[in-house]
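Here is the file start-v9.cif (mmCIF, C-alpha atoms and all ligand atoms).
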```cif
data_structure
#
loop_
_atom_site.group_PDB
_atom_site.id
_atom_site.type_symbol
_atom_site.label_atom_id
_atom_site.label_comp_id
_atom_site.auth_asym_id
_atom_site.auth_seq_id
_atom_site.Cartn_x
_atom_site.Cartn_y
_atom_site.Cartn_z
ATOM 1 C CA MET G 249 80.387 153.287 68.266
ATOM 2 C CA GLY G 250 83.951 153.060 69.493
ATOM 3 C CA GLN G 251 83.514 151.778 73.031
ATOM 4 C CA ALA G 252 83.957 148.056 73.521
ATOM 5 C CA PRO G 253 81.411 146.283 75.702
ATOM 6 C CA VAL G 254 82.703 145.257 79.112
ATOM 7 C CA VAL G 255 81.357 142.255 80.925
ATOM 8 C CA TYR G 256 82.895 141.025 84.142
ATOM 9 C CA GLY G 257 84.525 137.665 83.882
ATOM 10 C CA GLN G 258 84.686 137.878 80.121
ATOM 11 C CA SER G 259 87.939 137.281 78.294
ATOM 12 C CA ASP G 260 89.454 139.975 76.126
ATOM 13 C CA ARG G 261 88.204 138.500 72.866
ATOM 14 C CA PRO G 262 86.688 141.234 70.731
ATOM 15 C CA PRO G 263 82.901 141.332 70.985
ATOM 16 C CA ARG G 264 81.015 139.424 68.353
ATOM 17 C CA GLY G 265 78.525 141.433 66.302
ATOM 18 C CA ASP G 266 78.618 144.390 63.945
ATOM 19 C CA TYR G 267 78.505 147.502 66.135
ATOM 20 C CA SER G 268 78.618 149.857 63.141
ATOM 21 C CA ARG G 269 74.892 149.148 62.703
ATOM 22 C CA ALA G 270 74.083 150.554 66.153
ATOM 23 C CA GLN G 271 72.825 153.971 67.121
ATOM 24 C CA ASP G 272 74.236 155.950 70.052
ATOM 25 C CA ASP G 273 72.131 153.992 72.538
ATOM 26 C CA TYR G 274 73.509 150.769 71.000
ATOM 27 C CA THR G 275 70.141 149.714 69.602
ATOM 28 C CA CYS G 276 69.696 148.827 65.951
ATOM 29 C CA ALA G 277 66.938 147.567 63.685
ATOM 30 C CA GLN G 278 66.306 143.823 63.830
ATOM 31 C CA ASP G 279 67.921 142.750 60.573
ATOM 32 C CA TYR G 280 65.180 140.304 59.681
ATOM 33 C CA ALA G 281 66.190 139.995 56.032
ATOM 34 C CA ALA G 282 69.645 138.796 57.087
ATOM 35 C CA TYR G 283 68.319 135.553 58.604
ATOM 36 C CA THR G 284 68.881 132.531 56.404
ATOM 37 C CA GLU G 285 66.700 129.423 56.306
ATOM 38 C CA ALA G 286 69.454 127.725 58.320
ATOM 39 C CA ASP G 287 69.135 130.456 61.007
ATOM 40 C CA HIS G 288 65.372 129.945 61.254
ATOM 41 C CA ASP G 289 65.945 126.218 61.450
ATOM 42 C CA THR G 290 68.477 126.634 64.276
ATOM 43 C CA TYR G 291 65.916 128.681 66.229
ATOM 44 C CA ARG G 292 63.157 126.147 65.558
ATOM 45 C CA ARG G 293 65.306 123.235 66.746
ATOM 46 C CA LEU G 294 66.584 125.079 69.846
ATOM 47 C CA TYR G 295 63.044 126.098 70.781
ATOM 48 C CA ALA G 296 61.629 122.596 70.337
ATOM 49 C CA ARG G 297 64.376 120.927 72.354
ATOM 50 C CA GLN G 298 64.174 123.419 75.181
ATOM 51 C CA LYS G 299 60.373 123.505 75.353
ATOM 52 C CA ALA G 300 60.272 119.722 75.725
ATOM 53 C CA LEU G 301 62.628 119.913 78.725
ATOM 54 C CA LEU G 302 60.690 122.511 80.699
ATOM 55 C CA PRO G 303 58.082 120.435 82.595
ATOM 56 C CA GLY G 304 59.406 119.642 86.056
ATOM 57 C CA LEU G 305 62.473 121.865 85.632
ATOM 58 C CA ALA G 306 61.247 125.374 84.758
ATOM 59 C CA SER G 307 59.204 127.748 86.868
ATOM 60 C CA GLN G 308 55.485 127.466 86.103
ATOM 61 C CA ALA G 309 55.341 131.221 85.536
ATOM 62 C CA PHE G 310 57.898 130.802 82.756
ATOM 63 C CA ILE G 311 56.087 127.842 81.176
ATOM 64 C CA ASP G 312 52.813 129.781 81.231
ATOM 65 C CA ALA G 313 54.387 132.875 79.660
ATOM 66 C CA LEU G 314 56.392 131.127 76.935
ATOM 67 C CA PRO G 315 53.585 131.107 74.302
ATOM 68 C CA SER G 316 53.664 134.928 74.433
ATOM 69 C CA LEU G 317 56.819 134.743 72.281
ATOM 70 C CA GLY G 318 54.613 133.710 69.352
ATOM 71 C CA VAL G 319 55.995 131.684 66.429
ATOM 72 C CA GLU G 320 58.094 128.667 67.351
ATOM 73 C CA ASP G 321 59.172 127.469 63.944
ATOM 74 C CA ARG G 322 61.182 130.517 62.890
ATOM 75 C CA ILE G 323 62.800 133.590 64.416
ATOM 76 C CA PRO G 324 60.038 135.938 65.593
ATOM 77 C CA ARG G 325 59.793 139.572 64.567
ATOM 78 C CA PHE G 326 60.452 141.787 67.585
ATOM 79 C CA GLU G 327 57.590 144.048 66.597
ATOM 80 C CA ASP G 328 55.114 141.156 66.889
ATOM 81 C CA ILE G 329 56.310 140.352 70.394
ATOM 82 C CA ASN G 330 56.228 144.026 71.347
ATOM 83 C CA GLN G 331 52.554 144.365 70.512
ATOM 84 C CA ARG G 332 51.794 141.839 73.253
ATOM 85 C CA LEU G 333 54.582 142.831 75.656
ATOM 86 C CA ARG G 334 53.745 146.554 75.734
ATOM 87 C CA GLN G 335 50.212 145.685 76.632
ATOM 88 C CA ALA G 336 51.180 143.177 79.316
ATOM 89 C CA THR G 337 53.806 145.125 81.275
ATOM 90 C CA GLY G 338 54.806 148.247 79.339
ATOM 91 C CA TRP G 339 58.149 146.651 78.392
ATOM 92 C CA GLU G 340 59.480 146.403 74.857
ATOM 93 C CA ILE G 341 62.391 144.571 73.317
ATOM 94 C CA VAL G 342 64.961 146.401 71.224
ATOM 95 C CA ALA G 343 67.555 144.850 68.915
ATOM 96 C CA VAL G 344 71.264 145.187 69.719
ATOM 97 C CA PRO G 345 74.327 143.856 67.870
ATOM 98 C CA GLY G 346 75.465 141.833 70.910
ATOM 99 C CA LEU G 347 76.772 142.618 74.385
ATOM 100 C CA ILE G 348 76.731 146.342 75.057
ATOM 101 C CA PRO G 349 78.548 148.413 77.711
ATOM 102 C CA GLU G 350 77.012 148.627 81.133
ATOM 103 C CA VAL G 351 75.739 152.199 81.188
ATOM 104 C CA PRO G 352 73.722 151.916 77.963
ATOM 105 C CA PHE G 353 72.559 148.467 79.135
ATOM 106 C CA PHE G 354 71.331 149.870 82.458
ATOM 107 C CA SER G 355 69.769 152.906 80.733
ATOM 108 C CA LEU G 356 67.698 150.693 78.447
ATOM 109 C CA LEU G 357 66.466 148.566 81.364
ATOM 110 C CA ALA G 358 65.647 151.644 83.444
ATOM 111 C CA ASN G 359 63.402 152.682 80.535
ATOM 112 C CA ARG G 360 61.732 149.265 80.285
ATOM 113 C CA LYS G 361 63.552 148.379 77.071
ATOM 114 C CA PHE G 362 65.183 144.962 77.009
ATOM 115 C CA PRO G 363 68.143 144.592 74.626
ATOM 116 C CA VAL G 364 67.936 141.440 72.504
ATOM 117 C CA THR G 365 70.878 140.343 70.379
ATOM 118 C CA ASP G 366 69.553 139.888 66.851
ATOM 119 C CA TRP G 367 71.974 137.252 65.507
ATOM 120 C CA ILE G 368 71.730 133.520 66.113
ATOM 121 C CA ARG G 369 74.494 131.015 66.856
ATOM 122 C CA LYS G 370 75.986 128.903 64.070
ATOM 123 C CA PRO G 371 74.797 125.305 63.698
ATOM 124 C CA GLU G 372 78.113 124.043 65.139
ATOM 125 C CA GLU G 373 77.413 126.089 68.309
ATOM 126 C CA PHE G 374 74.018 124.457 68.770
ATOM 127 C CA ASP G 375 74.713 123.207 72.286
ATOM 128 C CA TYR G 376 76.831 126.049 73.580
ATOM 129 C CA VAL G 377 77.673 129.639 72.742
ATOM 130 C CA VAL G 378 79.547 131.883 75.240
ATOM 131 C CA GLU G 379 77.948 135.196 74.322
ATOM 132 C CA PRO G 380 74.207 135.764 74.435
ATOM 133 C CA ASP G 381 72.541 135.256 71.038
ATOM 134 C CA ILE G 382 68.904 135.772 70.036
ATOM 135 C CA PHE G 383 67.869 132.396 71.408
ATOM 136 C CA HIS G 384 69.269 133.101 74.873
ATOM 137 C CA ASP G 385 67.908 136.646 74.946
ATOM 138 C CA LEU G 386 64.430 135.862 73.618
ATOM 139 C CA PHE G 387 63.688 132.412 74.963
ATOM 140 C CA GLY G 388 65.552 132.925 78.239
ATOM 141 C CA HIS G 389 64.629 136.473 79.187
ATOM 142 C CA VAL G 390 61.535 137.688 77.419
ATOM 143 C CA PRO G 391 58.801 135.345 78.739
ATOM 144 C CA LEU G 392 59.247 136.554 82.328
ATOM 145 C CA LEU G 393 59.134 140.199 81.201
ATOM 146 C CA PHE G 394 55.413 139.423 80.754
ATOM 147 C CA ASN G 395 55.294 138.861 84.547
ATOM 148 C CA PRO G 396 54.516 142.167 86.308
ATOM 149 C CA VAL G 397 56.748 141.506 89.338
ATOM 150 C CA ILE G 398 59.796 140.481 87.308
ATOM 151 C CA ALA G 399 59.100 143.365 84.920
ATOM 152 C CA ASP G 400 59.402 145.815 87.813
ATOM 153 C CA TYR G 401 62.446 144.070 89.283
ATOM 154 C CA VAL G 402 64.404 144.267 86.017
ATOM 155 C CA GLN G 403 63.602 147.951 85.662
ATOM 156 C CA ARG G 404 64.732 148.522 89.222
ATOM 157 C CA TYR G 405 67.963 146.713 88.430
ATOM 158 C CA GLY G 406 68.586 149.148 85.551
ATOM 159 C CA GLN G 407 67.967 152.119 87.820
ATOM 160 C CA GLY G 408 70.227 150.589 90.469
ATOM 161 C CA GLY G 409 72.864 149.979 87.822
ATOM 162 C CA LEU G 410 73.045 153.639 86.873
ATOM 163 C CA LYS G 411 73.517 154.457 90.535
ATOM 164 C CA ALA G 412 76.075 151.669 91.052
ATOM 165 C CA GLU G 413 78.019 153.106 88.132
ATOM 166 C CA ARG G 414 78.398 156.396 89.986
ATOM 167 C CA LEU G 415 79.414 154.534 93.150
ATOM 168 C CA GLY G 416 81.906 152.266 91.373
ATOM 169 C CA ALA G 417 79.872 149.256 92.446
ATOM 170 C CA CYS G 418 78.817 147.754 89.099
ATOM 171 C CA GLU G 419 80.638 144.520 89.691
ATOM 172 C CA MET G 420 78.768 143.861 92.943
ATOM 173 C CA LEU G 421 75.436 144.700 91.374
ATOM 174 C CA SER G 422 76.122 142.626 88.275
ATOM 175 C CA ARG G 423 76.585 139.578 90.527
ATOM 176 C CA LEU G 424 73.055 140.068 91.815
ATOM 177 C CA TYR G 425 71.797 140.088 88.213
ATOM 178 C CA TRP G 426 73.872 137.020 87.426
ATOM 179 C CA TYR G 427 72.572 134.969 90.350
ATOM 180 C CA THR G 428 68.934 136.024 89.890
ATOM 181 C CA ILE G 429 67.915 137.021 86.358
ATOM 182 C CA GLU G 430 70.538 134.818 84.706
ATOM 183 C CA PHE G 431 70.914 131.813 87.032
ATOM 184 C CA GLY G 432 68.138 132.072 89.601
ATOM 185 C CA LEU G 433 66.224 129.140 91.075
ATOM 186 C CA ILE G 434 62.807 129.307 92.755
ATOM 187 C CA ARG G 435 61.013 126.943 95.111
ATOM 188 C CA GLU G 436 57.512 126.073 93.878
ATOM 189 C CA GLN G 437 55.352 123.707 95.944
ATOM 190 C CA GLY G 438 58.497 122.553 97.710
ATOM 191 C CA GLU G 439 60.350 121.720 94.500
ATOM 192 C CA ILE G 440 63.314 123.522 92.949
ATOM 193 C CA ARG G 441 62.610 125.087 89.543
ATOM 194 C CA ALA G 442 64.616 127.423 87.295
ATOM 195 C CA TYR G 443 63.665 130.989 86.391
ATOM 196 C CA GLY G 444 67.092 132.344 85.306
ATOM 197 C CA ALA G 445 67.567 132.919 81.584
ATOM 198 C CA GLY G 446 71.034 131.366 81.401
ATOM 199 C CA ILE G 447 69.599 128.144 82.801
ATOM 200 C CA LEU G 448 66.361 128.153 80.819
ATOM 201 C CA SER G 449 68.111 128.670 77.479
ATOM 202 C CA SER G 450 70.638 125.848 78.042
ATOM 203 C CA SER G 451 69.618 122.202 77.805
ATOM 204 C CA GLY G 452 72.627 121.007 79.803
ATOM 205 C CA GLU G 453 72.500 123.610 82.545
ATOM 206 C CA LEU G 454 68.722 123.286 83.002
ATOM 207 C CA GLN G 455 69.165 119.693 84.081
ATOM 208 C CA HIS G 456 72.362 120.410 86.033
ATOM 209 C CA ALA G 457 70.954 123.379 87.939
ATOM 210 C CA VAL G 458 67.723 121.716 89.001
ATOM 211 C CA THR G 459 68.596 118.042 89.411
ATOM 212 C CA SER G 460 72.353 117.532 89.839
ATOM 213 C CA PRO G 461 73.632 116.736 93.348
ATOM 214 C CA LEU G 462 76.856 118.648 92.626
ATOM 215 C CA PRO G 463 76.007 122.360 92.885
ATOM 216 C CA GLN G 464 75.309 124.167 96.125
ATOM 217 C CA ARG G 465 71.824 125.741 96.357
ATOM 218 C CA LEU G 466 71.613 128.537 98.921
ATOM 219 C CA PRO G 467 68.701 130.749 99.950
ATOM 220 C CA LEU G 468 69.059 134.094 98.176
ATOM 221 C CA SER G 469 70.899 136.747 100.157
ATOM 222 C CA LEU G 470 71.844 140.138 98.770
ATOM 223 C CA GLU G 471 75.183 140.203 100.543
ATOM 224 C CA ARG G 472 76.126 136.616 99.688
ATOM 225 C CA THR G 473 75.419 137.061 95.958
ATOM 226 C CA MET G 474 77.221 140.388 95.760
ATOM 227 C CA ARG G 475 80.360 138.868 97.271
ATOM 228 C CA THR G 476 80.394 135.846 95.018
ATOM 229 C CA ARG G 477 82.392 135.816 91.802
ATOM 230 C CA TYR G 478 80.984 133.909 88.872
ATOM 231 C CA LYS G 479 82.186 131.976 85.880
ATOM 232 C CA ILE G 480 80.721 132.628 82.468
ATOM 233 C CA ASP G 481 81.937 129.512 80.670
ATOM 234 C CA THR G 482 81.097 126.607 82.997
ATOM 235 C CA TYR G 483 77.911 125.441 84.678
ATOM 236 C CA GLN G 484 77.442 127.327 87.945
ATOM 237 C CA GLN G 485 78.627 125.670 91.150
ATOM 238 C CA THR G 486 76.451 127.855 93.363
ATOM 239 C CA TYR G 487 72.823 128.816 92.770
ATOM 240 C CA PHE G 488 70.559 130.989 94.903
ATOM 241 C CA VAL G 489 66.951 130.024 95.549
ATOM 242 C CA ILE G 490 63.997 132.383 96.073
ATOM 243 C CA ASP G 491 60.557 131.568 97.468
ATOM 244 C CA ASP G 492 58.646 133.865 95.118
ATOM 245 C CA PHE G 493 59.301 136.696 92.672
ATOM 246 C CA GLN G 494 58.072 139.318 95.120
ATOM 247 C CA GLN G 495 61.137 138.521 97.233
ATOM 248 C CA LEU G 496 63.377 139.898 94.451
ATOM 249 C CA PHE G 497 61.465 143.130 94.307
ATOM 250 C CA ASP G 498 61.321 143.579 98.074
ATOM 251 C CA MET G 499 65.017 142.815 98.495
ATOM 252 C CA THR G 500 65.923 145.669 96.151
ATOM 253 C CA GLU G 501 63.670 148.184 97.853
ATOM 254 C CA GLY G 502 66.306 150.134 99.776
ATOM 255 C CA ASP G 503 69.407 152.135 98.934
ATOM 256 C CA PHE G 504 72.393 149.843 98.297
ATOM 257 C CA THR G 505 75.005 152.489 99.211
ATOM 258 C CA PRO G 506 75.567 151.122 102.752
ATOM 259 C CA VAL G 507 75.514 147.527 101.464
ATOM 260 C CA TYR G 508 78.272 148.303 98.965
ATOM 261 C CA ALA G 509 80.264 150.094 101.670
ATOM 262 C CA ALA G 510 80.003 147.141 104.060
ATOM 263 C CA LEU G 511 80.914 144.621 101.373
ATOM 264 C CA ARG G 512 84.056 146.498 100.386
ATOM 265 C CA GLY G 513 85.434 145.530 103.796
ATOM 266 C CA LEU G 514 84.815 141.803 103.234
ATOM 267 C CA PRO G 515 86.726 139.322 101.081
ATOM 268 C CA GLU G 516 85.136 138.155 97.855
ATOM 269 C CA LEU G 517 84.014 134.546 97.632
ATOM 270 C CA ALA G 518 84.930 132.140 94.867
ATOM 271 C CA ALA G 519 82.191 130.805 92.586
ATOM 272 C CA ASP G 520 82.445 127.448 94.331
ATOM 273 C CA ALA G 521 82.889 128.669 97.933
ATOM 274 C CA ARG G 522 80.789 126.502 100.255
ATOM 275 C CA ASP G 523 78.708 127.858 103.130
HETATM 276 N N1 LIG G 601 74.579 143.607 77.052
HETATM 277 N N2 LIG G 601 73.237 142.928 75.290
HETATM 278 C C1 LIG G 601 73.639 142.809 76.578
HETATM 279 N N3 LIG G 601 73.068 141.837 77.338
HETATM 280 C C2 LIG G 601 73.438 141.672 78.633
HETATM 281 O O1 LIG G 601 72.897 140.795 79.324
HETATM 282 C C3 LIG G 601 74.429 142.496 79.172
HETATM 283 C C4 LIG G 601 74.988 143.475 78.342
HETATM 284 N N4 LIG G 601 75.939 144.284 78.831
HETATM 285 C C5 LIG G 601 76.357 144.215 80.214
HETATM 286 C C6 LIG G 601 75.749 143.118 80.969
HETATM 287 N N5 LIG G 601 74.845 142.351 80.464
HETATM 288 C C7 LIG G 601 76.158 142.804 82.379
HETATM 289 O O2 LIG G 601 77.431 143.261 82.649
HETATM 290 C C8 LIG G 601 75.155 143.400 83.363
HETATM 291 O O3 LIG G 601 74.980 142.561 84.466
HETATM 292 C C9 LIG G 601 75.629 144.690 83.902
HETATM 293 FE FE FE G 602 71.145 136.900 79.669
#
```
If you took the structure in this file and wrote it as structure tokens, what would it be?
Ligand code: HBI
Ligand code: FE
Amino acid sequence: MGQAPVVYGQSDRPPRGDYSRAQDDYTCAQDYAAYTEADHDTYRRLYARQKALLPGLASQAFIDALPSLGVEDRIPRFEDINQRLRQATGWEIVAVPGLIPEVPFFSLLANRKFPVTDWIRKPEEFDYVVEPDIFHDLFGHVPLLFNPVIADYVQRYGQGGLKAERLGACEMLSRLYWYTIEFGLIREQGEIRAYGAGILSSSGELQHAVTSPLPQRLPLSLERTMRTRYKIDTYQQTYFVIDDFQQLFDMTEGDFTPVYAALRGLPELAADARD
């Protein structure tokens, strides 16, 4: 496993995680025996804090799906989650050592396999860790994979990613992922709620994204998201709001080739550019 993972906006720090454990598709076995009591305790405390914050801030679909993760007081076994997830939407989660390169990432998603980092942050990183760890990947992403519409959207993103790779358009497509699956907001009964995993797995950003007067909240537009750069180590300054999950699926119905071509002729927008 020589190739280093590439993520746009990331610094050139070496990736965290032991990639020698991974197979050619970058998946590995969940190293359950490696978790210490302190690791389980970190998960338990993160879960409890985040769960208590959800009412009024998280999408109802997310709140309803959260119990599907199973145990709350220790790190779950992926196989336990998979028994329920396969039945619900045909997705499964697979362990990875950390961030993986784009093509294997897209390939897994296109096959309805969601990569979940198997290590957990250190106690001193309780409030913030730059790279995705098991808490972000499981708590943030996996509940909505039980939702059939999101399940199909994420698969479509993987398929689109493989195509974007061939068109040299990964950066544009990854911004769509960033502003939807990672940092998306949804309007429910007139109120703003979060459905993006990067928001839902962060206690600070959950409150910032939904309630702070500072960030700009725009209606989701394919072109606007794809032009907008993002920052990986600050709260977002721009969020995009959907009206329902079906909108995500419908928006990604067509071929993006002409969209990419049109956007190449336009300047990029900064993460904090105002409309
Ligand atoms: N790898 N494990 C993992 N998790 C991600 O979310 C991830 C990744 N590799 C690439 C990546 N995300 C982004 O660049 C995608 O938007 C393409
Ligand atoms: Fe994520």
For the structure shown, which residues end up in the PyMOL selection byres (((not hetatm)) within 9 of (chain G and resi 601))? Put them as a compact mmCIF listing (two decimals) with C-alpha atoms, keeping the file's coordinate frame, please?
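Resulting contents of part-v2.txt:
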```txt
# COMPACT_ATOMS: atom_id res chain seq x y z
CA PRO G 253 81.41 146.28 75.70
CA VAL G 254 82.70 145.26 79.11
CA VAL G 255 81.36 142.26 80.92
CA TYR G 256 82.90 141.02 84.14
CA TYR G 274 73.51 150.77 71.00
CA ALA G 343 67.56 144.85 68.92
CA VAL G 344 71.26 145.19 69.72
CA PRO G 345 74.33 143.86 67.87
CA GLY G 346 75.46 141.83 70.91
CA LEU G 347 76.77 142.62 74.39
CA ILE G 348 76.73 146.34 75.06
CA PRO G 349 78.55 148.41 77.71
CA GLU G 350 77.01 148.63 81.13
CA VAL G 351 75.74 152.20 81.19
CA PRO G 352 73.72 151.92 77.96
CA PHE G 353 72.56 148.47 79.14
CA PHE G 354 71.33 149.87 82.46
CA PHE G 362 65.18 144.96 77.01
CA PRO G 363 68.14 144.59 74.63
CA VAL G 364 67.94 141.44 72.50
CA THR G 365 70.88 140.34 70.38
CA GLU G 379 77.95 135.20 74.32
CA PRO G 380 74.21 135.76 74.44
CA ASP G 381 72.54 135.26 71.04
CA ASP G 385 67.91 136.65 74.95
CA GLY G 406 68.59 149.15 85.55
CA GLY G 409 72.86 149.98 87.82
CA CYS G 418 78.82 147.75 89.10
CA GLU G 419 80.64 144.52 89.69
CA LEU G 421 75.44 144.70 91.37
CA SER G 422 76.12 142.63 88.28
CA ARG G 423 76.58 139.58 90.53
CA LEU G 424 73.06 140.07 91.82
CA TYR G 425 71.80 140.09 88.21
CA TRP G 426 73.87 137.02 87.43
CA GLU G 430 70.54 134.82 84.71
```
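Each of G:Ala313, G:Val377, G:Leu392, G:Ile429 was compared to ligand FE 602 (chain G) using all atoms listed in the file, and G:Ile429 turns out to be the nearest.
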**OP:** Run the PyMOL selection byres (((chain G and resi 462-478) around 7) and not hetatm) mentally over the shown coordinates, then write out the matched residues as a VMD selection string, using the chain letters and numbers from the document.
**Re:** chain G and resid 420 to 421 423 to 424 427 460 to 461 479 to 480 485 to 490 516 to 519
Subject >> Residues within 12 Å of (67.7, 155.6, 87.6), counting only C-alpha atoms, listed as a PyMOL selection string >> reply: chain G and resi 351-352+354-360+402-414+503
**OP:** Calculate how many Å separate CA of Lys361 in chain G from CA of Trp339 in chain G, rounding to one decimal.
**Re:** 5.8 Å
**OP:** Go through G:Met499, G:Leu448, G:Ala336, G:Ile368 and flag the residue nearest ligand FE 602 (chain G), using only C-alpha atoms and all ligand atoms for the distances.
**Re:** G:Leu448
**OP:** To verify the selection step, state as a count of residues only which residues the PyMOL selection byres (((chain G and resi 391) around 10) and not hetatm) yields on this input.
**Re:** 21
Original post:
With all atoms listed in the file as the atoms that count, which of G:Arg522, G:Gly265, G:Phe504, G:Phe431 lies nearest to ligand FE 602 (chain G)?
Top reply: G:Phe431
**OP:** Choose the residue, out of G:Ala457, G:Thr290, G:Glu285, G:Asp523, that has the smallest atom-to-atom separation from Pro371 in chain G; count all atoms listed in the file.
**Re:** G:Thr290
**OP:** Would you work out the distance separating CA of Leu415 in chain G from CA of Tyr508 in chain G, expressed in Å to one decimal?
**Re:** 8.6 Å
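Interatomic distance, CA of Thr482 in chain G against CA of Tyr295 in chain G: 21.8 Å.
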Original post:
Taking all atoms listed in the file into account, which of G:Lys299, G:Glu439, G:Leu305, G:Asp520 comes nearest Glu453 in chain G?
Top reply: G:Leu305
Original post:
Which residues, written as a PyMOL selection string, have at least one atom at most 9 Å from Leu496 in chain G, with all atoms listed in the file counted and residues fewer than 5 positions away on the same chain left out?
Top reply: chain G and resi 397-398+401+428+468+490+501
Original post:
For Gln278 in chain G, which residue among G:Arg332, G:Arg325, G:Arg441, G:His384 is the nearest when counting only C-alpha atoms?
Top reply: G:Arg325
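Non-sequential neighbours of Asp375 in chain G (distance at most 9 Å, separation of 2 or more positions within a chain, only C-alpha atoms) are Leu294, Pro371, Glu372, Glu373, Val377, Ser450, Ser451 and Gly452 of chain G.
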**OP:** Please check which residues have atoms at most 7 Å from (61.3, 130.8, 65.5) in the file's coordinates, counting all atoms listed in the file, and write them as a VMD selection string.
**Re:** chain G and resid 288 291 to 292 319 to 324
Reconstruct all heavy atoms of range 515-520 of chain G from the incomplete input and present them as a PDB file, keeping the file's coordinate frame.
```
ATOM      1  N   PRO G 515      86.122 139.998 102.229  1.00  0.00           N
ATOM      2  CA  PRO G 515      86.726 139.322 101.081  1.00  0.00           C
ATOM      3  C   PRO G 515      85.658 138.818 100.110  1.00  0.00           C
ATOM      4  O   PRO G 515      84.542 138.489 100.518  1.00  0.00           O
ATOM      5  CB  PRO G 515      87.498 138.148 101.698  1.00  0.00           C
ATOM      6  CG  PRO G 515      86.995 137.998 103.080  1.00  0.00           C
ATOM      7  CD  PRO G 515      86.352 139.282 103.499  1.00  0.00           C
ATOM      8  N   GLU G 516      86.025 138.759  98.839  1.00  0.00           N
ATOM      9  CA  GLU G 516      85.136 138.155  97.855  1.00  0.00           C
ATOM     10  C   GLU G 516      85.128 136.652  98.055  1.00  0.00           C
ATOM     11  O   GLU G 516      86.058 136.094  98.642  1.00  0.00           O
ATOM     12  CB  GLU G 516      85.666 138.444  96.450  1.00  0.00           C
ATOM     13  CG  GLU G 516      85.642 139.905  96.102  1.00  0.00           C
ATOM     14  CD  GLU G 516      86.081 140.134  94.670  1.00  0.00           C
ATOM     15  OE1 GLU G 516      86.839 139.289  94.139  1.00  0.00           O
ATOM     16  OE2 GLU G 516      85.660 141.140  94.108  1.00  0.00           O
ATOM     17  N   LEU G 517      84.091 136.003  97.541  1.00  0.00           N
ATOM     18  CA  LEU G 517      84.014 134.546  97.632  1.00  0.00           C
ATOM     19  C   LEU G 517      84.147 133.961  96.229  1.00  0.00           C
ATOM     20  O   LEU G 517      83.652 134.533  95.259  1.00  0.00           O
ATOM     21  CB  LEU G 517      82.676 134.140  98.254  1.00  0.00           C
ATOM     22  CG  LEU G 517      82.462 134.651  99.688  1.00  0.00           C
ATOM     23  CD1 LEU G 517      81.022 134.408 100.131  1.00  0.00           C
ATOM     24  CD2 LEU G 517      83.448 134.001 100.653  1.00  0.00           C
ATOM     25  N   ALA G 518      84.790 132.805  96.155  1.00  0.00           N
ATOM     26  CA  ALA G 518      84.930 132.140  94.867  1.00  0.00           C
ATOM     27  C   ALA G 518      83.577 131.586  94.430  1.00  0.00           C
ATOM     28  O   ALA G 518      82.679 131.370  95.252  1.00  0.00           O
ATOM     29  CB  ALA G 518      85.933 130.998  94.980  1.00  0.00           C
ATOM     30  N   ALA G 519      83.453 131.324  93.127  1.00  0.00           N
ATOM     31  CA  ALA G 519      82.191 130.805  92.586  1.00  0.00           C
ATOM     32  C   ALA G 519      81.791 129.490  93.237  1.00  0.00           C
ATOM     33  O   ALA G 519      80.603 129.167  93.298  1.00  0.00           O
ATOM     34  CB  ALA G 519      82.316 130.639  91.071  1.00  0.00           C
ATOM     35  N   ASP G 520      82.764 128.741  93.727  1.00  0.00           N
ATOM     36  CA  ASP G 520      82.445 127.448  94.331  1.00  0.00           C
ATOM     37  C   ASP G 520      82.624 127.432  95.842  1.00  0.00           C
ATOM     38  O   ASP G 520      82.644 126.367  96.454  1.00  0.00           O
ATOM     39  CB  ASP G 520      83.291 126.329  93.688  1.00  0.00           C
ATOM     40  CG  ASP G 520      84.783 126.549  93.921  1.00  0.00           C
ATOM     41  OD1 ASP G 520      85.174 127.634  94.425  1.00  0.00           O
ATOM     42  OD2 ASP G 520      85.554 125.639  93.587  1.00  0.00           O
TER      43      ASP G 520
END
```
